[in-house]
Amino acid sequence: MLIAQISDLHIRPDGQLAYGISETNLLAEHAIHALLRLNPAPDCVLVTGDLTDCGLDEEYEIVSGLLSRLPMPVYAIPGNHDRREPFRRTFRSAGYLPSAGPLNYAVRCGPARIVALDSLVQGESHGALLPETLAFLERALAEAPEAPTLVMLHHPPFETGIGHMDRARLFDGAEELERLVRRNPQVQRVLCGHVHRSIQQLFGGTLCQIAPSVGHQVALDLHADAPSCFILEPPELLLHRLAGNRIVTHTAKIDRAPGPFPFILPDDYPGRRPDAVP
């Protein structure tokens, strides 16, 4: 089975650009088209936060319209740019969000289990996992110890070396999260967003993976005092392939590229080497 992950859409009201430059609404449209082009199609799509740029009702209406075009289930969590109650209203009809409190939930996608954690600290850039969220995670993992599981939250629980983003990572609850993951070997991935780059680290005995943004990317500057900047690199998504109890992750470009072209050339191709291999 296949699970697609997109992150950090930063949708703006119609006609507005994120930070005055990034055409996030158009880029999100491209991401939807990329998901619809995938063959085989994903069994579900995960959205790891910052669906909107300012948490405005108008932004959530646009998000809802975009995601409703996907024929497979979509499971989302809030990021620091989102607001919890408008987010809850937007996805209420999907049936997976709790009616009150943190937006934590657990769902099945085929043989896989998705455990979603709310790391939003309203009005702040950094994240935290409340004691009730950590208790929810512990219960959710205990309920299905044999099911291959992906845990998702917006804020990464480790330092990336990008100073201004590390000052806005997950703080409260990061150590307890790692302890719970280590105690539950069915967790195959911890999936995050927030940093707008594809980054991985071993965490609790498994892989913690940050998805790139489907919009603009954070500039790759590993100086501790790096300025807070973004760059218009090609947007990407992650595609997690589950086979048995193992997950392999691919990073896929959003926009089309020339090709595909065959490695095996026809016999009459000029200069063809008969022993050529990919």
# chains A, B, ... in the order shown; residues from 1 in each chain; ligands from 1
>>> select_by_dssp(residues="stretch 72-260 of chain A", states="strand (DSSP E or B)", output="PyMOL selection string")
chain A and resi 74-77+105-109+112-116+120+127+149-152+170+187-192+199-203+206-210+217-218+230-231+236-243+246-253
>>> residues_around(residues="stretch 25-39 of chain A", least_positions_apart="2", cutoff="9 Å", atoms="only C-alpha atoms", output="number ranges by chain")
A: 4, 6, 9-18, 22-23, 41-42, 45, 62-63, 66-67, 69-71, 214-216, 235-237, 253-256
>>> write_last_selection(atoms="N, CA, C and O atoms", output="short mmCIF file (atom, residue, chain, number, x, y, z; two decimals), in the first residue's frame")
data_model
loop_
_atom_site.label_atom_id
_atom_site.label_comp_id
_atom_site.auth_asym_id
_atom_site.auth_seq_id
_atom_site.Cartn_x
_atom_site.Cartn_y
_atom_site.Cartn_z
N ALA A 4 0.73 8.82 0.89
CA ALA A 4 1.38 10.06 0.48
C ALA A 4 1.37 11.05 1.64
O ALA A 4 0.41 11.07 2.44
N ILE A 6 1.97 15.20 2.34
CA ILE A 6 2.26 16.57 1.93
C ILE A 6 2.27 17.44 3.19
O ILE A 6 1.74 17.05 4.23
N LEU A 9 1.23 23.81 3.38
CA LEU A 9 0.62 24.44 2.21
C LEU A 9 0.60 25.97 2.33
O LEU A 9 0.70 26.67 1.34
N HIS A 10 0.38 26.49 3.53
CA HIS A 10 0.36 27.94 3.79
C HIS A 10 -0.61 28.67 2.85
O HIS A 10 -0.25 29.68 2.23
N ILE A 11 -1.81 28.16 2.78
CA ILE A 11 -2.82 28.76 1.90
C ILE A 11 -3.17 30.17 2.38
O ILE A 11 -3.32 30.43 3.58
N ARG A 12 -3.31 31.09 1.43
CA ARG A 12 -3.67 32.49 1.69
C ARG A 12 -5.04 32.79 1.10
O ARG A 12 -5.54 32.04 0.25
N PRO A 13 -5.68 33.88 1.50
CA PRO A 13 -6.90 34.31 0.82
C PRO A 13 -6.62 34.53 -0.66
O PRO A 13 -5.49 34.85 -1.06
N ASP A 14 -7.64 34.35 -1.48
CA ASP A 14 -7.47 34.50 -2.92
C ASP A 14 -6.80 35.83 -3.26
O ASP A 14 -7.16 36.89 -2.73
N GLY A 15 -5.80 35.76 -4.14
CA GLY A 15 -5.12 36.96 -4.61
C GLY A 15 -3.96 37.40 -3.76
O GLY A 15 -3.28 38.38 -4.11
N GLN A 16 -3.70 36.72 -2.64
CA GLN A 16 -2.60 37.12 -1.76
C GLN A 16 -1.47 36.09 -1.82
O GLN A 16 -1.72 34.90 -2.00
N LEU A 17 -0.25 36.55 -1.64
CA LEU A 17 0.94 35.71 -1.66
C LEU A 17 1.49 35.57 -0.24
O LEU A 17 1.44 36.52 0.55
N ALA A 18 2.01 34.40 0.08
CA ALA A 18 2.65 34.21 1.38
C ALA A 18 3.95 35.01 1.41
O ALA A 18 4.77 34.91 0.49
N SER A 22 5.58 34.12 -2.24
CA SER A 22 5.32 32.72 -2.56
C SER A 22 3.86 32.51 -2.98
O SER A 22 2.93 32.83 -2.23
N GLU A 23 3.68 31.94 -4.18
CA GLU A 23 2.34 31.68 -4.72
C GLU A 23 1.82 30.34 -4.16
O GLU A 23 1.63 29.37 -4.89
N ALA A 41 -2.30 4.88 -7.30
CA ALA A 41 -2.74 5.98 -6.46
C ALA A 41 -2.48 5.68 -4.99
O ALA A 41 -2.52 4.52 -4.58
N PRO A 42 -2.20 6.69 -4.18
CA PRO A 42 -2.05 6.46 -2.75
C PRO A 42 -3.36 5.96 -2.13
O PRO A 42 -4.45 6.29 -2.60
N VAL A 45 -3.83 10.10 2.10
CA VAL A 45 -2.92 11.24 2.08
C VAL A 45 -2.85 11.84 3.47
O VAL A 45 -3.89 12.09 4.10
N ILE A 62 -10.60 27.49 1.26
CA ILE A 62 -9.79 27.13 0.09
C ILE A 62 -9.14 25.76 0.29
O ILE A 62 -9.14 24.91 -0.61
N VAL A 63 -8.61 25.52 1.49
CA VAL A 63 -8.02 24.22 1.81
C VAL A 63 -9.04 23.11 1.61
O VAL A 63 -8.75 22.07 0.99
N LEU A 66 -9.64 22.34 -2.02
CA LEU A 66 -8.52 21.64 -2.65
C LEU A 66 -8.51 20.17 -2.27
O LEU A 66 -8.44 19.28 -3.13
N LEU A 67 -8.58 19.89 -0.97
CA LEU A 67 -8.46 18.51 -0.51
C LEU A 67 -9.66 17.66 -0.88
O LEU A 67 -9.54 16.44 -1.02
N ARG A 69 -10.95 17.40 -3.63
CA ARG A 69 -10.76 16.86 -4.98
C ARG A 69 -10.01 15.53 -4.98
O ARG A 69 -9.92 14.87 -6.01
N LEU A 70 -9.48 15.15 -3.83
CA LEU A 70 -8.77 13.88 -3.75
C LEU A 70 -9.75 12.75 -3.46
O LEU A 70 -10.57 12.86 -2.54
N PRO A 71 -9.70 11.66 -4.22
CA PRO A 71 -10.68 10.58 -4.05
C PRO A 71 -10.37 9.66 -2.86
O PRO A 71 -11.23 8.88 -2.46
N VAL A 214 5.10 21.63 0.08
CA VAL A 214 4.61 21.65 -1.30
C VAL A 214 4.61 23.07 -1.86
O VAL A 214 4.23 23.30 -3.01
N GLY A 215 5.06 24.04 -1.03
CA GLY A 215 5.23 25.41 -1.48
C GLY A 215 6.69 25.79 -1.49
O GLY A 215 7.52 25.13 -2.10
N HIS A 216 7.05 26.83 -0.78
CA HIS A 216 8.43 27.28 -0.69
C HIS A 216 9.20 26.45 0.35
O HIS A 216 8.62 25.87 1.26
N PRO A 235 9.11 22.21 -5.23
CA PRO A 235 8.36 21.57 -4.14
C PRO A 235 8.31 20.06 -4.30
O PRO A 235 8.41 19.53 -5.42
N GLU A 236 8.13 19.36 -3.17
CA GLU A 236 8.18 17.90 -3.16
C GLU A 236 7.13 17.34 -2.20
O GLU A 236 6.57 18.05 -1.36
N LEU A 237 6.90 16.04 -2.32
CA LEU A 237 6.07 15.29 -1.38
C LEU A 237 6.78 13.99 -1.07
O LEU A 237 7.74 13.60 -1.73
N LYS A 253 9.05 14.76 -6.77
CA LYS A 253 8.85 16.15 -7.19
C LYS A 253 7.36 16.38 -7.48
O LYS A 253 6.66 15.51 -7.98
N ILE A 254 6.92 17.58 -7.19
CA ILE A 254 5.53 17.95 -7.49
C ILE A 254 5.34 18.19 -8.99
O ILE A 254 4.39 17.71 -9.60
N ASP A 255 6.23 18.93 -9.58
CA ASP A 255 6.05 19.34 -10.98
C ASP A 255 6.57 18.28 -11.93
O ASP A 255 7.52 17.55 -11.62
N ARG A 256 5.99 18.20 -13.10
CA ARG A 256 6.39 17.24 -14.12
C ARG A 256 7.81 17.55 -14.62
O ARG A 256 8.21 18.72 -14.70
#
>>> select_by_dssp(residues="stretch 28-269 of chain A", states="alpha helix (DSSP H)", output="ChimeraX atom specification")
/A:28-37,57-67,84-90,131-143,163-166,174-183
>>> residues_around(residues="stretch 128-132 of chain A", least_positions_apart="2", cutoff="7 Å", atoms="only C-alpha atoms", output="PyMOL selection string")
chain A and resi 118-121+134-136+170-173
>>> residues_around(residues="A:Val115", least_positions_apart="4", cutoff="12 Å", atoms="only C-alpha atoms", output="compact mmCIF listing (two decimals) with all heavy atoms, in the first residue's frame")
# COMPACT_ATOMS: atom_id res chain seq x y z
N LEU A 46 -1.63 12.07 3.97
CA LEU A 46 -1.41 12.72 5.25
C LEU A 46 -0.95 14.15 5.00
O LEU A 46 -0.14 14.40 4.10
CB LEU A 46 -0.34 11.98 6.05
CG LEU A 46 -0.50 10.46 6.19
CD1 LEU A 46 0.62 9.89 7.05
CD2 LEU A 46 -1.86 10.11 6.76
N THR A 48 0.78 17.17 7.12
CA THR A 48 1.41 17.38 8.42
C THR A 48 1.55 18.86 8.78
O THR A 48 2.62 19.34 9.13
CB THR A 48 2.78 16.67 8.48
OG1 THR A 48 3.49 16.86 7.26
CG2 THR A 48 2.61 15.19 8.71
N TYR A 75 -6.00 12.75 5.92
CA TYR A 75 -5.90 12.92 7.37
C TYR A 75 -4.91 14.04 7.64
O TYR A 75 -3.76 14.00 7.19
CB TYR A 75 -5.44 11.63 8.04
CG TYR A 75 -6.37 10.46 7.75
CD1 TYR A 75 -5.95 9.39 6.95
CD2 TYR A 75 -7.66 10.45 8.25
CE1 TYR A 75 -6.80 8.33 6.67
CE2 TYR A 75 -8.52 9.38 7.96
CZ TYR A 75 -8.08 8.34 7.18
OH TYR A 75 -8.93 7.30 6.91
N ALA A 76 -5.35 15.05 8.39
CA ALA A 76 -4.55 16.26 8.59
C ALA A 76 -4.39 16.55 10.08
O ALA A 76 -5.21 16.16 10.91
CB ALA A 76 -5.20 17.45 7.89
N ILE A 77 -3.30 17.25 10.39
CA ILE A 77 -3.07 17.77 11.73
C ILE A 77 -2.71 19.25 11.62
O ILE A 77 -2.24 19.70 10.57
CB ILE A 77 -1.93 17.01 12.45
CG1 ILE A 77 -0.69 16.91 11.55
CG2 ILE A 77 -2.38 15.65 12.92
CD1 ILE A 77 0.52 16.37 12.25
N TYR A 96 -12.92 12.09 11.85
CA TYR A 96 -11.81 11.52 12.62
C TYR A 96 -11.33 12.42 13.76
O TYR A 96 -10.56 11.98 14.62
CB TYR A 96 -10.64 11.15 11.71
CG TYR A 96 -10.06 12.29 10.89
CD1 TYR A 96 -9.15 13.18 11.44
CD2 TYR A 96 -10.40 12.43 9.54
CE1 TYR A 96 -8.60 14.20 10.70
CE2 TYR A 96 -9.84 13.45 8.79
CZ TYR A 96 -8.95 14.33 9.36
OH TYR A 96 -8.41 15.34 8.62
N LEU A 97 -11.74 13.69 13.79
CA LEU A 97 -11.27 14.59 14.82
C LEU A 97 -12.15 14.52 16.08
O LEU A 97 -13.36 14.36 15.98
CB LEU A 97 -11.27 16.03 14.31
CG LEU A 97 -10.24 16.38 13.25
CD1 LEU A 97 -10.40 17.84 12.82
CD2 LEU A 97 -8.83 16.13 13.74
N LEU A 103 -6.30 18.01 19.05
CA LEU A 103 -6.74 17.32 17.84
C LEU A 103 -5.92 16.05 17.63
O LEU A 103 -5.21 15.88 16.62
CB LEU A 103 -6.63 18.26 16.64
CG LEU A 103 -7.50 19.52 16.74
CD1 LEU A 103 -7.20 20.48 15.60
CD2 LEU A 103 -8.98 19.15 16.75
N ASN A 104 -6.02 15.13 18.59
CA ASN A 104 -5.34 13.84 18.52
C ASN A 104 -6.32 12.79 18.03
O ASN A 104 -7.50 12.81 18.41
CB ASN A 104 -4.82 13.42 19.89
CG ASN A 104 -3.93 14.46 20.53
OD1 ASN A 104 -3.06 15.02 19.88
ND2 ASN A 104 -4.14 14.73 21.82
N TYR A 105 -5.85 11.83 17.22
CA TYR A 105 -6.73 10.76 16.76
C TYR A 105 -5.89 9.61 16.23
O TYR A 105 -4.68 9.75 15.97
CB TYR A 105 -7.70 11.26 15.68
CG TYR A 105 -7.04 11.82 14.44
CD1 TYR A 105 -6.75 11.01 13.35
CD2 TYR A 105 -6.71 13.17 14.35
CE1 TYR A 105 -6.16 11.52 12.21
CE2 TYR A 105 -6.11 13.69 13.22
CZ TYR A 105 -5.83 12.86 12.14
OH TYR A 105 -5.23 13.36 11.01
N ALA A 106 -6.52 8.48 16.07
CA ALA A 106 -5.89 7.29 15.48
C ALA A 106 -6.85 6.70 14.47
O ALA A 106 -8.05 6.58 14.74
CB ALA A 106 -5.52 6.27 16.54
N VAL A 107 -6.34 6.35 13.28
CA VAL A 107 -7.17 5.79 12.22
C VAL A 107 -6.42 4.65 11.56
O VAL A 107 -5.20 4.53 11.66
CB VAL A 107 -7.54 6.85 11.15
CG1 VAL A 107 -8.45 7.92 11.73
CG2 VAL A 107 -6.28 7.46 10.55
N ARG A 108 -7.17 3.80 10.86
CA ARG A 108 -6.59 2.73 10.04
C ARG A 108 -6.58 3.17 8.58
O ARG A 108 -7.54 3.75 8.09
CB ARG A 108 -7.43 1.46 10.16
CG ARG A 108 -7.20 0.68 11.44
CD ARG A 108 -6.07 -0.31 11.27
NE ARG A 108 -5.93 -1.18 12.43
CZ ARG A 108 -5.07 -2.17 12.50
NH1 ARG A 108 -4.29 -2.44 11.46
NH2 ARG A 108 -4.98 -2.92 13.58
N CYS A 109 -5.48 2.85 7.91
CA CYS A 109 -5.42 3.00 6.46
C CYS A 109 -4.91 1.68 5.93
O CYS A 109 -3.69 1.41 5.93
CB CYS A 109 -4.50 4.16 6.08
SG CYS A 109 -4.37 4.43 4.29
N THR A 133 -1.95 14.55 25.57
CA THR A 133 -1.59 14.05 24.25
C THR A 133 -0.64 12.86 24.36
O THR A 133 -0.79 11.85 23.64
CB THR A 133 -0.96 15.17 23.41
OG1 THR A 133 -1.96 16.16 23.15
CG2 THR A 133 -0.40 14.66 22.10
N LEU A 134 0.33 12.95 25.24
CA LEU A 134 1.25 11.83 25.44
C LEU A 134 0.51 10.62 26.01
O LEU A 134 0.80 9.47 25.62
CB LEU A 134 2.38 12.26 26.37
CG LEU A 134 3.34 13.29 25.75
CD1 LEU A 134 4.22 13.91 26.83
CD2 LEU A 134 4.19 12.66 24.66
N PHE A 136 -2.61 9.95 25.41
CA PHE A 136 -3.36 9.43 24.27
C PHE A 136 -2.47 8.55 23.40
O PHE A 136 -2.86 7.46 22.97
CB PHE A 136 -3.92 10.59 23.43
CG PHE A 136 -4.44 10.17 22.09
CD1 PHE A 136 -5.71 9.65 21.95
CD2 PHE A 136 -3.63 10.25 20.95
CE1 PHE A 136 -6.18 9.23 20.71
CE2 PHE A 136 -4.08 9.84 19.72
CZ PHE A 136 -5.37 9.33 19.60
N LEU A 137 -1.25 9.01 23.13
CA LEU A 137 -0.33 8.24 22.32
C LEU A 137 -0.02 6.89 22.97
O LEU A 137 -0.02 5.85 22.29
CB LEU A 137 0.96 9.02 22.10
CG LEU A 137 2.09 8.27 21.38
CD1 LEU A 137 1.68 7.85 19.98
CD2 LEU A 137 3.35 9.13 21.34
N GLU A 138 0.21 6.89 24.25
CA GLU A 138 0.53 5.64 24.94
C GLU A 138 -0.62 4.65 24.83
O GLU A 138 -0.41 3.46 24.55
CB GLU A 138 0.85 5.93 26.41
CG GLU A 138 1.36 4.72 27.17
CD GLU A 138 1.96 5.08 28.51
OE1 GLU A 138 1.62 6.15 29.05
OE2 GLU A 138 2.77 4.30 29.01
N ARG A 139 -1.86 5.13 25.01
CA ARG A 139 -3.03 4.26 24.89
C ARG A 139 -3.18 3.76 23.45
O ARG A 139 -3.45 2.58 23.21
CB ARG A 139 -4.30 5.00 25.31
CG ARG A 139 -4.40 5.32 26.80
CD ARG A 139 -5.81 5.76 27.16
NE ARG A 139 -6.28 6.89 26.36
CZ ARG A 139 -6.09 8.17 26.67
NH1 ARG A 139 -5.41 8.48 27.77
NH2 ARG A 139 -6.57 9.13 25.91
N ALA A 140 -3.01 4.67 22.49
CA ALA A 140 -3.22 4.31 21.08
C ALA A 140 -2.21 3.25 20.64
O ALA A 140 -2.57 2.31 19.91
CB ALA A 140 -3.11 5.55 20.20
N LEU A 141 -0.98 3.36 21.08
CA LEU A 141 0.03 2.36 20.70
C LEU A 141 -0.22 1.03 21.38
O LEU A 141 0.01 -0.04 20.79
CB LEU A 141 1.43 2.89 21.03
CG LEU A 141 1.88 4.11 20.22
CD1 LEU A 141 3.24 4.58 20.71
CD2 LEU A 141 1.92 3.81 18.73
N ALA A 142 -0.72 1.06 22.60
CA ALA A 142 -1.00 -0.18 23.32
C ALA A 142 -2.18 -0.93 22.71
O ALA A 142 -2.27 -2.16 22.84
CB ALA A 142 -1.28 0.12 24.79
N GLU A 143 -3.08 -0.21 22.02
CA GLU A 143 -4.27 -0.86 21.45
C GLU A 143 -3.95 -1.77 20.26
O GLU A 143 -4.72 -2.68 19.97
CB GLU A 143 -5.27 0.23 21.00
CG GLU A 143 -5.94 0.96 22.14
CD GLU A 143 -6.69 2.19 21.67
OE1 GLU A 143 -6.65 2.49 20.45
OE2 GLU A 143 -7.29 2.87 22.52
N ALA A 144 -2.85 -1.51 19.56
CA ALA A 144 -2.56 -2.29 18.34
C ALA A 144 -1.05 -2.51 18.23
O ALA A 144 -0.39 -1.94 17.35
CB ALA A 144 -3.09 -1.56 17.12
N ALA A 147 0.26 -3.75 14.65
CA ALA A 147 -0.02 -3.02 13.41
C ALA A 147 1.12 -2.07 13.06
O ALA A 147 1.54 -1.27 13.92
CB ALA A 147 -1.32 -2.22 13.55
N PRO A 148 1.64 -2.13 11.83
CA PRO A 148 2.65 -1.15 11.43
C PRO A 148 2.06 0.26 11.55
O PRO A 148 0.98 0.53 11.02
CB PRO A 148 2.98 -1.52 9.99
CG PRO A 148 1.84 -2.37 9.53
CD PRO A 148 1.29 -3.04 10.73
N THR A 149 2.78 1.13 12.26
CA THR A 149 2.20 2.40 12.69
C THR A 149 3.07 3.57 12.26
O THR A 149 4.31 3.50 12.33
CB THR A 149 2.04 2.41 14.22
OG1 THR A 149 1.16 1.34 14.60
CG2 THR A 149 1.46 3.72 14.72
N LEU A 150 2.40 4.63 11.81
CA LEU A 150 3.06 5.90 11.55
C LEU A 150 2.50 6.92 12.54
O LEU A 150 1.27 7.08 12.64
CB LEU A 150 2.81 6.39 10.12
CG LEU A 150 3.32 5.50 8.99
CD1 LEU A 150 2.25 4.49 8.57
CD2 LEU A 150 3.73 6.34 7.78
N VAL A 151 3.38 7.59 13.26
CA VAL A 151 3.00 8.66 14.18
C VAL A 151 3.29 9.97 13.48
O VAL A 151 4.39 10.17 12.95
CB VAL A 151 3.79 8.57 15.50
CG1 VAL A 151 3.49 9.78 16.38
CG2 VAL A 151 3.44 7.28 16.23
N MET A 152 2.30 10.88 13.44
CA MET A 152 2.56 12.15 12.76
C MET A 152 2.23 13.33 13.67
O MET A 152 1.28 13.29 14.46
CB MET A 152 1.79 12.24 11.44
CG MET A 152 0.29 12.35 11.52
SD MET A 152 -0.37 12.67 9.84
CE MET A 152 -2.12 12.87 10.19
N LEU A 153 3.06 14.35 13.57
CA LEU A 153 2.88 15.62 14.27
C LEU A 153 3.56 16.69 13.45
O LEU A 153 4.38 16.38 12.56
CB LEU A 153 3.45 15.57 15.69
CG LEU A 153 4.97 15.45 15.85
CD1 LEU A 153 5.38 15.92 17.26
CD2 LEU A 153 5.46 14.02 15.65
N VAL A 181 8.07 5.89 21.57
CA VAL A 181 8.37 5.28 20.28
C VAL A 181 9.33 4.11 20.47
O VAL A 181 9.16 3.04 19.87
CB VAL A 181 8.95 6.34 19.32
CG1 VAL A 181 9.52 5.69 18.06
CG2 VAL A 181 7.87 7.36 18.93
N GLN A 186 6.42 -1.31 16.78
CA GLN A 186 5.53 -1.28 15.61
C GLN A 186 5.54 0.09 14.93
O GLN A 186 5.06 0.24 13.80
CB GLN A 186 4.09 -1.65 16.01
CG GLN A 186 3.29 -0.56 16.73
CD GLN A 186 3.44 -0.63 18.25
OE1 GLN A 186 4.47 -1.05 18.75
NE2 GLN A 186 2.39 -0.23 18.96
N VAL A 187 6.08 1.12 15.60
CA VAL A 187 6.17 2.45 14.98
C VAL A 187 7.26 2.42 13.92
O VAL A 187 8.44 2.28 14.22
CB VAL A 187 6.46 3.53 16.04
CG1 VAL A 187 6.60 4.90 15.36
CG2 VAL A 187 5.34 3.57 17.08
N GLN A 188 6.86 2.55 12.66
CA GLN A 188 7.77 2.47 11.53
C GLN A 188 8.30 3.84 11.09
O GLN A 188 9.33 3.91 10.43
CB GLN A 188 7.06 1.82 10.34
CG GLN A 188 6.66 0.38 10.58
CD GLN A 188 7.86 -0.54 10.61
OE1 GLN A 188 8.73 -0.46 9.76
NE2 GLN A 188 7.94 -1.39 11.61
N ARG A 189 7.56 4.88 11.40
CA ARG A 189 7.96 6.24 11.07
C ARG A 189 7.35 7.21 12.08
O ARG A 189 6.24 7.01 12.54
CB ARG A 189 7.48 6.67 9.67
CG ARG A 189 8.19 6.05 8.50
CD ARG A 189 9.58 6.63 8.30
NE ARG A 189 10.15 6.19 7.05
CZ ARG A 189 10.73 5.00 6.85
NH1 ARG A 189 10.79 4.13 7.85
NH2 ARG A 189 11.23 4.68 5.67
N VAL A 190 8.10 8.28 12.37
CA VAL A 190 7.55 9.48 12.98
C VAL A 190 7.63 10.56 11.91
O VAL A 190 8.72 10.88 11.41
CB VAL A 190 8.32 9.90 14.24
CG1 VAL A 190 7.74 11.18 14.84
CG2 VAL A 190 8.29 8.77 15.28
N LEU A 191 6.48 11.10 11.52
CA LEU A 191 6.39 12.01 10.37
C LEU A 191 6.07 13.43 10.83
O LEU A 191 5.17 13.63 11.65
CB LEU A 191 5.30 11.53 9.41
CG LEU A 191 5.46 10.10 8.89
CD1 LEU A 191 4.27 9.73 8.01
CD2 LEU A 191 6.76 9.94 8.11
